[in-house]
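A.B. asks: Coordinates in data-v6.cif, mmCIF, C-alpha atoms, are listed below.
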```
data_coords
loop_
_atom_site.label_atom_id
_atom_site.label_comp_id
_atom_site.auth_asym_id
_atom_site.auth_seq_id
_atom_site.Cartn_x
_atom_site.Cartn_y
_atom_site.Cartn_z
CA MET A 1 95.46 68.02 115.12
CA THR A 2 96.77 64.48 114.48
CA GLN A 3 100.42 64.26 113.40
CA ALA A 4 102.47 61.45 111.97
CA PRO A 5 105.47 60.43 114.13
CA ASN A 6 107.96 62.26 111.92
CA ASP A 7 105.94 65.44 111.33
CA ARG A 8 107.61 67.49 114.02
CA VAL A 9 111.12 66.65 112.85
CA THR A 10 110.55 68.56 109.63
CA ARG A 11 108.83 71.63 111.11
CA PRO A 12 110.61 74.98 110.67
CA PHE A 13 111.52 76.95 113.77
CA VAL A 14 109.63 80.25 114.17
CA SER A 15 110.90 83.27 116.09
CA VAL A 16 108.19 85.73 117.12
CA LEU A 17 109.57 89.29 117.26
CA LEU A 18 107.38 91.56 119.35
CA PRO A 19 108.21 95.30 119.55
CA VAL A 20 106.66 96.91 122.62
CA ARG A 21 106.36 100.49 123.84
CA ASN A 22 104.16 101.30 126.82
CA GLU A 23 101.46 98.74 126.03
CA THR A 24 99.69 97.08 128.96
CA VAL A 25 96.21 95.73 128.26
CA ASP A 26 96.95 95.24 124.55
CA LEU A 27 100.22 93.45 125.30
CA ALA A 28 98.60 91.04 127.74
CA GLU A 29 95.91 90.26 125.17
CA CYS A 30 98.51 89.72 122.44
CA LEU A 31 100.65 87.43 124.62
CA ALA A 32 97.59 85.41 125.60
CA SER A 33 96.90 84.76 121.91
CA LEU A 34 100.50 83.65 121.44
CA ALA A 35 100.20 81.27 124.38
CA GLU A 36 97.26 79.54 122.67
CA GLN A 37 99.02 78.84 119.35
CA THR A 38 98.53 75.33 117.96
CA TYR A 39 102.04 75.27 116.50
CA PRO A 40 104.33 73.15 118.74
CA ALA A 41 105.89 75.30 121.46
CA GLU A 42 109.27 73.56 121.08
CA PHE A 43 109.51 75.02 117.58
CA THR A 44 108.84 78.62 118.60
CA GLU A 45 110.41 81.39 120.66
CA ILE A 46 109.19 84.88 121.56
CA ILE A 47 111.59 87.82 121.74
CA ILE A 48 110.29 91.16 122.98
CA ALA A 49 112.11 94.37 122.01
CA ASP A 50 111.02 96.67 124.83
CA ALA A 51 111.19 100.43 124.24
CA SER A 52 108.80 101.34 127.08
CA ASP A 53 109.52 104.35 129.26
CA SER A 54 109.88 101.94 132.17
CA PRO A 55 111.07 98.34 131.73
CA LEU A 56 108.30 95.79 131.47
CA ASP A 57 106.89 94.56 134.75
CA PRO A 58 106.94 90.72 134.87
CA ILE A 59 103.21 90.85 135.64
CA HIS A 60 102.64 92.02 132.04
CA LEU A 61 104.08 88.75 130.78
CA GLN A 62 102.02 86.40 132.93
CA ALA A 63 99.32 85.88 130.30
CA GLY A 64 101.83 84.74 127.69
CA PRO A 65 104.00 81.70 127.06
CA ARG A 66 106.63 80.85 129.62
CA ARG A 67 109.51 81.01 127.17
CA VAL A 68 109.78 84.75 126.50
CA SER A 69 113.01 86.75 126.17
CA VAL A 70 112.96 90.51 126.78
CA LEU A 71 115.58 92.79 125.23
CA ARG A 72 115.83 96.48 126.06
CA ASN A 73 115.51 98.66 122.94
CA GLU A 74 117.41 101.80 123.90
CA ARG A 75 116.93 103.28 120.44
CA ILE A 76 113.16 103.52 121.11
CA ILE A 77 112.13 103.21 117.45
CA MET A 78 110.88 99.92 116.03
CA ALA A 79 113.35 99.15 113.22
CA PRO A 80 116.53 98.81 115.31
CA GLY A 81 114.54 96.97 117.98
CA LEU A 82 113.40 94.40 115.43
CA ASN A 83 116.94 94.06 114.05
CA MET A 84 118.27 93.51 117.56
CA ALA A 85 115.66 90.84 118.21
CA ALA A 86 116.41 89.21 114.84
CA GLU A 87 120.09 88.95 115.72
CA ARG A 88 119.13 86.92 118.79
CA ALA A 89 116.51 84.85 116.94
CA ARG A 90 117.08 81.23 115.90
CA GLY A 91 114.10 80.90 113.59
CA ASP A 92 113.82 79.83 109.98
CA TYR A 93 111.00 82.39 109.94
CA LEU A 94 110.70 85.73 111.74
CA ALA A 95 107.08 86.43 112.70
CA ILE A 96 106.68 90.16 113.34
CA VAL A 97 103.78 90.66 115.74
CA SER A 98 102.28 93.97 116.82
CA ALA A 99 101.52 94.35 120.52
CA HIS A 100 98.17 95.83 119.42
CA SER A 101 97.10 92.60 117.74
CA VAL A 102 95.35 89.38 118.71
CA LEU A 103 96.29 86.32 116.66
CA PRO A 104 94.04 83.40 115.74
CA ARG A 105 95.06 80.15 117.45
CA ASP A 106 96.38 78.64 114.23
CA TYR A 107 98.19 81.78 113.06
CA ILE A 108 101.76 80.43 113.09
CA GLU A 109 100.68 77.10 111.65
CA ARG A 110 98.90 78.74 108.72
CA MET A 111 101.67 81.24 108.07
CA VAL A 112 104.22 78.41 107.89
CA ASP A 113 101.93 76.61 105.45
CA ALA A 114 101.40 79.71 103.27
CA ALA A 115 105.11 80.55 103.19
CA GLY A 116 106.02 76.99 102.23
CA ARG A 117 103.24 76.69 99.66
CA THR A 118 103.96 80.00 97.89
CA GLY A 119 107.70 80.33 98.42
CA ALA A 120 107.10 83.94 99.46
CA ALA A 121 109.78 85.82 101.37
CA ASN A 122 107.08 87.59 103.40
CA VAL A 123 103.47 86.63 104.12
CA GLY A 124 100.79 88.81 105.67
CA GLY A 125 97.21 88.32 106.77
CA ARG A 126 94.21 90.60 106.80
CA TYR A 127 93.72 93.40 109.32
CA VAL A 128 90.45 93.11 111.20
CA LYS A 129 90.30 96.36 113.10
CA ALA A 130 88.52 96.75 116.41
CA GLY A 131 88.17 99.52 118.96
CA ARG A 132 87.22 99.57 122.63
CA SER A 133 85.91 103.13 123.02
CA ALA A 134 83.33 104.97 120.91
CA TRP A 135 86.07 106.79 119.01
CA GLY A 136 88.15 103.63 118.73
CA LYS A 137 85.24 101.86 117.04
CA ALA A 138 84.73 104.81 114.70
CA VAL A 139 88.42 104.78 113.76
CA ALA A 140 88.25 101.02 113.16
CA ALA A 141 85.24 101.46 110.87
CA ALA A 142 86.61 104.31 108.75
CA SER A 143 90.15 102.95 108.46
CA SER A 144 88.78 99.66 107.10
CA SER A 145 87.54 101.44 103.98
CA PRO A 146 89.36 101.69 100.64
CA LEU A 147 88.37 105.37 100.67
CA ALA A 148 90.57 105.82 103.74
CA VAL A 149 93.51 103.52 103.01
CA GLY A 150 93.65 103.47 99.20
CA ASP A 151 94.83 100.23 97.64
CA ALA A 152 96.21 98.81 100.91
CA ALA A 153 94.30 95.59 100.31
CA GLN A 154 95.39 93.96 103.57
CA HIS A 155 92.66 96.06 105.19
CA PHE A 156 89.83 94.76 103.04
CA GLY A 157 90.99 92.43 100.23
CA SER A 158 89.47 88.96 99.93
CA ARG A 159 91.66 87.42 97.21
CA PRO A 160 95.04 85.73 97.91
CA ARG A 161 97.70 87.44 95.80
CA THR A 162 101.00 89.28 95.75
CA LEU A 163 101.01 92.71 97.42
CA ASP A 164 103.40 95.61 97.93
CA SER A 165 103.52 95.08 101.70
CA ALA A 166 102.48 92.54 104.33
CA PHE A 167 101.03 92.86 107.83
CA PRO A 168 102.21 92.03 110.35
CA GLY A 169 104.90 90.12 108.43
CA PHE A 170 106.03 86.50 108.42
CA ILE A 171 109.51 86.73 106.93
CA ALA A 172 111.82 84.00 105.65
CA ARG A 173 115.10 84.37 107.53
CA ARG A 174 117.15 83.82 104.37
CA ALA A 175 115.50 86.83 102.71
CA PHE A 176 115.74 89.00 105.83
CA ASP A 177 119.50 88.41 106.09
CA ARG A 178 120.08 88.78 102.36
CA ILE A 179 118.67 92.33 102.13
CA GLY A 180 120.06 93.46 105.48
CA GLY A 181 116.97 93.60 107.69
CA PHE A 182 115.08 96.79 108.51
CA ASN A 183 116.62 100.18 107.89
CA PRO A 184 117.60 101.30 111.42
CA HIS A 185 117.25 104.99 110.58
CA LEU A 186 113.51 104.90 109.91
CA ALA A 187 111.14 105.77 112.73
CA CYS A 188 108.03 105.05 110.65
CA ASN A 189 106.99 103.08 107.56
CA GLU A 190 109.97 100.77 108.05
CA ASP A 191 107.84 97.81 106.97
CA ASP A 192 106.89 99.49 103.68
CA GLU A 193 110.53 100.25 102.89
CA PHE A 194 111.62 96.73 103.85
CA ASN A 195 109.00 95.15 101.59
CA ALA A 196 109.91 97.50 98.73
CA ARG A 197 113.51 96.27 98.95
CA LEU A 198 112.30 92.69 99.11
CA ARG A 199 110.31 93.12 95.90
CA ALA A 200 113.15 95.00 94.20
CA SER A 201 115.44 92.05 94.96
CA GLY A 202 113.07 89.68 93.14
CA GLU A 203 111.29 88.25 96.19
CA VAL A 204 107.55 87.72 96.57
CA VAL A 205 105.36 89.40 99.22
CA TRP A 206 102.17 87.38 99.62
CA TYR A 207 98.74 88.25 101.02
CA GLU A 208 96.74 85.47 102.70
CA PRO A 209 93.33 87.05 103.52
CA SER A 210 91.88 83.91 105.13
CA VAL A 211 94.27 84.51 108.05
CA GLU A 212 92.61 87.35 109.96
CA VAL A 213 94.50 89.26 112.66
CA LEU A 214 92.52 91.45 115.03
CA TYR A 215 94.21 94.84 115.36
CA ARG A 216 93.38 97.42 118.02
CA SER A 217 92.81 100.82 116.43
CA ARG A 218 93.78 104.16 117.92
CA GLU A 219 91.28 105.11 120.61
CA SER A 220 91.40 108.89 120.17
CA LEU A 221 91.38 111.40 117.35
CA ARG A 222 94.62 112.84 118.68
CA GLY A 223 96.30 109.45 118.45
CA LEU A 224 94.89 108.92 114.96
CA TRP A 225 96.12 112.36 113.83
CA ARG A 226 99.64 111.72 115.08
CA GLN A 227 99.72 108.26 113.48
CA TYR A 228 98.70 109.41 110.00
CA TYR A 229 100.71 112.64 110.11
CA ARG A 230 103.82 110.50 110.65
CA TYR A 231 102.74 108.12 107.89
CA GLY A 232 102.48 110.99 105.40
CA ARG A 233 105.72 112.69 106.41
CA TRP A 234 107.78 109.50 106.39
CA LYS A 235 106.21 108.31 103.14
CA LEU A 236 107.84 111.19 101.30
CA ALA A 237 111.09 110.83 103.25
CA ILE A 238 111.45 107.19 102.20
CA ALA A 239 110.53 107.97 98.59
CA ARG A 240 113.50 110.35 98.49
CA MET A 241 115.79 107.46 99.36
CA GLY A 242 115.25 106.12 95.86
CA VAL A 243 113.09 103.07 96.60
CA ARG A 244 111.68 102.02 93.24
CA GLY A 245 107.92 102.13 92.78
CA TYR A 246 107.36 103.33 96.33
CA LEU A 247 104.96 106.22 95.67
CA ARG A 248 101.69 105.73 93.80
CA TRP A 249 99.28 108.38 92.52
CA HIS A 250 96.88 108.03 95.45
CA HIS A 251 99.61 108.94 97.95
CA TYR A 252 99.55 112.49 96.57
CA VAL A 253 95.78 112.94 96.75
CA PRO A 254 95.35 114.06 100.42
CA ALA A 255 98.11 116.68 100.10
CA LEU A 256 96.70 117.91 96.79
CA ALA A 257 93.21 118.13 98.29
CA LEU A 258 94.50 120.22 101.20
CA ALA A 259 96.33 122.57 98.83
CA LEU A 260 93.22 123.01 96.71
CA ALA A 261 91.06 123.61 99.79
CA ALA A 262 93.48 126.28 101.01
CA ALA A 263 93.42 127.94 97.59
CA THR A 264 89.61 127.92 97.28
CA PRO A 265 88.98 131.36 98.88
CA LEU A 266 91.51 132.98 96.55
CA LEU A 267 90.07 131.20 93.52
CA ALA A 268 86.53 132.20 94.52
CA TRP A 269 87.67 135.82 94.84
CA LEU A 270 89.19 135.68 91.37
CA SER A 271 86.22 133.92 89.81
CA PRO A 272 83.38 131.68 91.05
CA TYR A 273 83.97 129.45 88.06
CA LEU A 274 87.48 128.60 89.32
CA ALA A 275 86.22 127.56 92.76
CA ALA A 276 83.12 125.66 91.62
CA PRO A 277 84.90 122.42 90.57
CA ILE A 278 86.70 122.28 93.92
CA LEU A 279 83.45 122.76 95.82
CA ILE A 280 81.80 120.01 93.77
CA LEU A 281 84.68 117.67 94.56
CA GLY A 282 84.37 118.57 98.25
CA VAL A 283 80.65 117.79 98.33
CA THR A 284 81.26 114.53 96.48
CA TYR A 285 83.90 113.57 99.05
CA LEU A 286 81.50 114.27 101.92
CA ILE A 287 78.79 112.14 100.30
CA LEU A 288 81.14 109.23 99.57
CA SER A 289 82.69 109.29 103.06
CA PHE A 290 79.24 109.38 104.66
CA ALA A 291 78.17 106.39 102.56
CA GLU A 292 81.29 104.47 103.67
CA ALA A 293 80.71 105.45 107.31
CA TRP A 294 77.13 104.17 107.01
CA ARG A 295 78.28 100.92 105.36
CA LEU A 296 80.99 100.09 107.90
CA SER A 297 79.63 101.50 111.16
CA GLY A 298 77.33 98.53 111.75
CA LEU A 299 80.17 96.06 111.30
CA HIS A 300 82.18 97.82 114.00
CA ASP A 301 79.36 98.89 116.33
CA ALA A 302 80.35 102.49 115.65
CA SER A 303 78.51 105.80 115.40
CA VAL A 304 77.95 106.78 111.78
CA LEU A 305 78.68 110.44 112.51
CA ARG A 306 81.88 109.65 114.42
CA ALA A 307 83.07 107.35 111.63
CA TRP A 308 82.24 110.06 109.09
CA LEU A 309 84.37 112.58 110.98
CA VAL A 310 87.32 110.19 111.04
CA PHE A 311 87.73 110.38 107.24
CA PRO A 312 88.72 114.07 106.97
CA ILE A 313 90.89 113.81 110.09
CA LEU A 314 92.74 110.79 108.72
CA HIS A 315 93.17 112.32 105.27
CA GLY A 316 94.00 115.76 106.66
CA ALA A 317 96.70 114.38 108.95
CA TYR A 318 98.26 112.33 106.17
CA GLY A 319 98.13 115.25 103.72
CA MET A 320 99.68 117.69 106.20
CA GLY A 321 102.42 115.19 107.02
CA PHE A 322 103.11 114.73 103.31
CA LEU A 323 103.29 118.49 102.75
CA ARG A 324 105.55 118.88 105.79
CA GLY A 325 107.79 116.21 104.38
CA ALA A 326 108.28 118.30 101.24
CA PHE A 327 110.31 120.75 103.37
CA ASP A 328 112.52 118.12 105.02
CA ALA A 329 116.10 118.28 103.80
CA ALA A 330 116.83 114.90 105.40
CA LEU A 331 115.02 112.21 107.36
CA PRO A 332 112.63 113.66 109.96
CA THR A 333 114.12 114.12 113.39
CA GLU A 334 112.52 111.95 116.04
CA ARG A 335 113.70 110.46 119.28
CA GLY A 336 115.90 107.45 118.59
CA VAL A 337 116.60 108.37 114.95
CA SER A 338 120.23 108.78 113.95
CA PRO A 339 121.28 110.29 110.61
CA PRO A 340 122.27 107.83 107.88
CA THR A 341 125.87 107.55 106.79
CA GLY A 342 125.32 105.66 103.53
CA ALA A 343 122.77 105.00 100.85
CA ARG A 344 120.57 103.05 103.20
CA GLY A 345 121.87 104.61 106.36
CA GLU A 346 124.04 101.68 107.46
#
```
Could the structure of this file be written out as structure tokens, please?
C.D. replies:
Amino acid sequence: MTQAPNDRVTRPFVSVLLPVRNETVDLAECLASLAEQTYPAEFTEIIIADASDSPLDPIHLQAGPRRVSVLRNERIIMAPGLNMAAERARGDYLAIVSAHSVLPRDYIERMVDAAGRTGAANVGGRYVKAGRSAWGKAVAAASSSPLAVGDAAQHFGSRPRTLDSAFPGFIARRAFDRIGGFNPHLACNEDDEFNARLRASGEVVWYEPSVEVLYRSRESLRGLWRQYYRYGRWKLAIARMGVRGYLRWHHYVPALALALAAATPLLAWLSPYLAAPILILGVTYLILSFAEAWRLSGLHDASVLRAWLVFPILHGAYGMGFLRGAFDAALPTERGVSPPTGARGE
């Protein structure tokens, strides 16, 4: 890319914040993509917040840029790790990067352009999910469908526009500092809550679908179940904190479907006419999920039957987490989570 002599003087500084916990192959792949960025290296820094069970071995960093700082995240969870890294960061923008992602070579350059062009406080690109194993490919296929992820358009949307949330997040430092960063008491969905506060403060969250970020899906059904169970449970926990407009109608659907499924035998015993609508809905769901599995499996080199099975597991995990969250008197207890002392837990 040809630059005028004064171009670099006006470039904003970008701090890449990279939370890490026990990644090896994915981390090396992510760092390699950061090393290949076209944005001038002198205007970037990479800060890793490491919550791994054992501190990172220097060999894990060899594929990445030479200028990498590693901070130990003793709290384990992502939100305080990101806040800690942000305190050290010098950037005009904070680029949140998942260790499970691979960035295009011009990622930082295009994010800077989009943020400057739109004035958005946070900019996100489009997930392009990929798996390595047979189940990982099936998870990638199913979780790229609107039937699986609702209106989370960053999984499939093709039109640039404002959104509720952004992935992985390219945040203007001024906005990050103004709303107080991530809530350090959230072990999950901290990005959703952060973006909800951004929007409530009058800021814009922007979706730039032409910037595609490859994201490594969960490689097992057990990992997928745990991921979406936590999503569902923490979704309700954060809603109770009073974040405006946080829950939408579709967030209730998996939990409602589970409750209806559990009640079907009783309804059938009382009257077949009571159970018939539920059974019709169930068959319709199976047909629609199979059609989506068929549509997406070829794009992800996945088994249609495996992808089909992912749908009820994903929805069941989310619904059970949501129902479990209904019985939580406070934030869920997880390793690294401390109870809040104020409205936002600060």
A.B. asks: What is the atom CA of A:Glu87 to atom CA of A:Val205 distance in Å?
C.D. replies: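 Separation of atom CA of A:Glu87 and atom CA of A:Val205: 22.1 Å.
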A.B. asks: Taking 2 positions as the minimum chain separation for residues in the same chain, which residues sit within 10 Å of stretch 138-147 of chain A when counting only C-alpha atoms? Answer as an mmCIF file with C-alpha atoms, keeping the file's coordinate frame.
C.D. replies:
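Ended up saving to selection_20.cif:
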```cif
data_model
loop_
_atom_site.group_PDB
_atom_site.id
_atom_site.type_symbol
_atom_site.label_atom_id
_atom_site.label_comp_id
_atom_site.auth_asym_id
_atom_site.auth_seq_id
_atom_site.Cartn_x
_atom_site.Cartn_y
_atom_site.Cartn_z
ATOM 1 C CA TYR A 127 93.720 93.400 109.320
ATOM 2 C CA VAL A 128 90.450 93.110 111.200
ATOM 3 C CA LYS A 129 90.300 96.360 113.100
ATOM 4 C CA ALA A 130 88.520 96.750 116.410
ATOM 5 C CA GLY A 131 88.170 99.520 118.960
ATOM 6 C CA ARG A 132 87.220 99.570 122.630
ATOM 7 C CA SER A 133 85.910 103.130 123.020
ATOM 8 C CA ALA A 134 83.330 104.970 120.910
ATOM 9 C CA TRP A 135 86.070 106.790 119.010
ATOM 10 C CA GLY A 136 88.150 103.630 118.730
ATOM 11 C CA VAL A 149 93.510 103.520 103.010
ATOM 12 C CA GLY A 150 93.650 103.470 99.200
ATOM 13 C CA ASP A 151 94.830 100.230 97.640
ATOM 14 C CA ALA A 152 96.210 98.810 100.910
ATOM 15 C CA ALA A 153 94.300 95.590 100.310
ATOM 16 C CA GLN A 154 95.390 93.960 103.570
ATOM 17 C CA HIS A 155 92.660 96.060 105.190
ATOM 18 C CA PHE A 156 89.830 94.760 103.040
ATOM 19 C CA GLY A 157 90.990 92.430 100.230
ATOM 20 C CA TYR A 215 94.210 94.840 115.360
ATOM 21 C CA ARG A 216 93.380 97.420 118.020
ATOM 22 C CA SER A 217 92.810 100.820 116.430
ATOM 23 C CA ARG A 218 93.780 104.160 117.920
ATOM 24 C CA GLU A 219 91.280 105.110 120.610
ATOM 25 C CA SER A 220 91.400 108.890 120.170
ATOM 26 C CA LEU A 221 91.380 111.400 117.350
ATOM 27 C CA LEU A 224 94.890 108.920 114.960
ATOM 28 C CA TYR A 285 83.900 113.570 99.050
ATOM 29 C CA LEU A 288 81.140 109.230 99.570
ATOM 30 C CA SER A 289 82.690 109.290 103.060
ATOM 31 C CA PHE A 290 79.240 109.380 104.660
ATOM 32 C CA GLU A 292 81.290 104.470 103.670
ATOM 33 C CA ALA A 293 80.710 105.450 107.310
ATOM 34 C CA TRP A 294 77.130 104.170 107.010
ATOM 35 C CA ARG A 295 78.280 100.920 105.360
ATOM 36 C CA LEU A 296 80.990 100.090 107.900
ATOM 37 C CA SER A 297 79.630 101.500 111.160
ATOM 38 C CA GLY A 298 77.330 98.530 111.750
ATOM 39 C CA LEU A 299 80.170 96.060 111.300
ATOM 40 C CA HIS A 300 82.180 97.820 114.000
ATOM 41 C CA ASP A 301 79.360 98.890 116.330
ATOM 42 C CA ALA A 302 80.350 102.490 115.650
ATOM 43 C CA SER A 303 78.510 105.800 115.400
ATOM 44 C CA VAL A 304 77.950 106.780 111.780
ATOM 45 C CA LEU A 305 78.680 110.440 112.510
ATOM 46 C CA ARG A 306 81.880 109.650 114.420
ATOM 47 C CA ALA A 307 83.070 107.350 111.630
ATOM 48 C CA TRP A 308 82.240 110.060 109.090
ATOM 49 C CA LEU A 309 84.370 112.580 110.980
ATOM 50 C CA VAL A 310 87.320 110.190 111.040
ATOM 51 C CA PHE A 311 87.730 110.380 107.240
ATOM 52 C CA LEU A 314 92.740 110.790 108.720
ATOM 53 C CA HIS A 315 93.170 112.320 105.270
#
```
A.B. asks: Show me a table, sorted first by chain and then by increasing residue number, of the residues of stretch 32-135 of chain A having an atom at most 6 Å from stretch 17-23 of chain A, each with its shortest atom pair and the distance in Å to one decimal, counting all atoms listed in the file and written as a Markdown table.
C.D. replies:
```
| residue | atom | partner | partner_atom | distance |
| --- | --- | --- | --- | --- |
| A:Ile47 | CA | A:Leu17 | CA | 5.1 |
| A:Ile48 | CA | A:Leu18 | CA | 4.7 |
| A:Ala49 | CA | A:Pro19 | CA | 4.7 |
| A:Asp50 | CA | A:Val20 | CA | 4.9 |
| A:Ala51 | CA | A:Arg21 | CA | 4.8 |
| A:Ser52 | CA | A:Arg21 | CA | 4.1 |
| A:Ala95 | CA | A:Leu17 | CA | 5.9 |
| A:Ile96 | CA | A:Leu17 | CA | 4.9 |
| A:Val97 | CA | A:Leu18 | CA | 5.2 |
```
A.B. asks: Extract, using only C-alpha atoms, all DNA, RNA and protein residues at most 9 Å from A:Glu29, discarding same-chain residues fewer than 3 positions from it, and format them as a PyMOL selection string.
C.D. replies: chain A and resi 24-26+32-34+63-64+99-102
A.B. asks: Can you work out the spacing between atom CA of A:Lys235 and atom CA of A:Leu186 in Å, to one decimal?
C.D. replies: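 One can read the atom CA of A:Lys235 to atom CA of A:Leu186 distance as 10.5 Å.
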A.B. asks: I'd like to know which of A:Arg88, A:Arg126, A:Arg11, A:Lys137 is closest to A:Ala166, using all atoms listed in the file.
C.D. replies: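 Going through A:Arg88, A:Arg126, A:Arg11, A:Lys137 one by one, the smallest distance to A:Ala166 is for A:Arg126.
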A.B. asks: Residues around (100.5, 118.9, 104.6), cut-off 10 Å, counting all atoms listed in the file - what are they as an NGL selection string?
C.D. replies: :A and (229 or 232-233 or 254-259 or 315-326)
A.B. asks: Can you tell me how far atom CA of A:Arg226 sits from atom CA of A:Gly124, in Å to one decimal?
C.D. replies: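 Result for atom CA of A:Arg226 versus atom CA of A:Gly124: 24.8 Å, one decimal.
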A.B. asks: Smallest atom-to-atom distance to A:Pro80: which of A:Gly245, A:Gly119, A:Pro40, A:Gly180, using all atoms listed in the file?
C.D. replies: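 Ranked by minimum distance to A:Pro80, first place goes to A:Gly180.
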A.B. asks: Between A:Leu281, A:Ala268, A:Ala291, A:Leu94, which residue has the minimum interatomic distance to A:Gly169, considering all atoms listed in the file?
C.D. replies: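 Among the listed residues, the smallest separation from A:Gly169 belongs to A:Leu94.
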A.B. asks: Report the residues retrieved by the PyMOL selection byres ((chain A and resi 187-190) around 10) from the displayed file, expressed as a PyMOL selection string.
C.D. replies: chain A and resi 75-80+182-186+191-196+227+230-235+237-238+331-338
A.B. asks: I need the residue set behind the PyMOL selection byres ((chain A and resi 91) around 7) for this file; please write it as a list in words.
C.D. replies: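 Selected by the PyMOL selection byres ((chain A and resi 91) around 7) in this file: Phe13, Val14, Ser15, Ala89, Arg90, Asp92, Tyr93 and Leu94 of chain A.
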A.B. asks: Pick from A:Ala262, A:Leu31, A:Val211, A:Leu247: nearest to A:Pro160, with all atoms listed in the file counted?
C.D. replies: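 Between A:Ala262, A:Leu31, A:Val211, A:Leu247, the residue approaching A:Pro160 most closely is A:Val211.
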A.B. asks: Run the PyMOL selection byres ((chain A and resi 103-115) around 6) on the file and write out the hits as a ChimeraX atom specification.
C.D. replies: /A:33,36-39,102,116-120,213
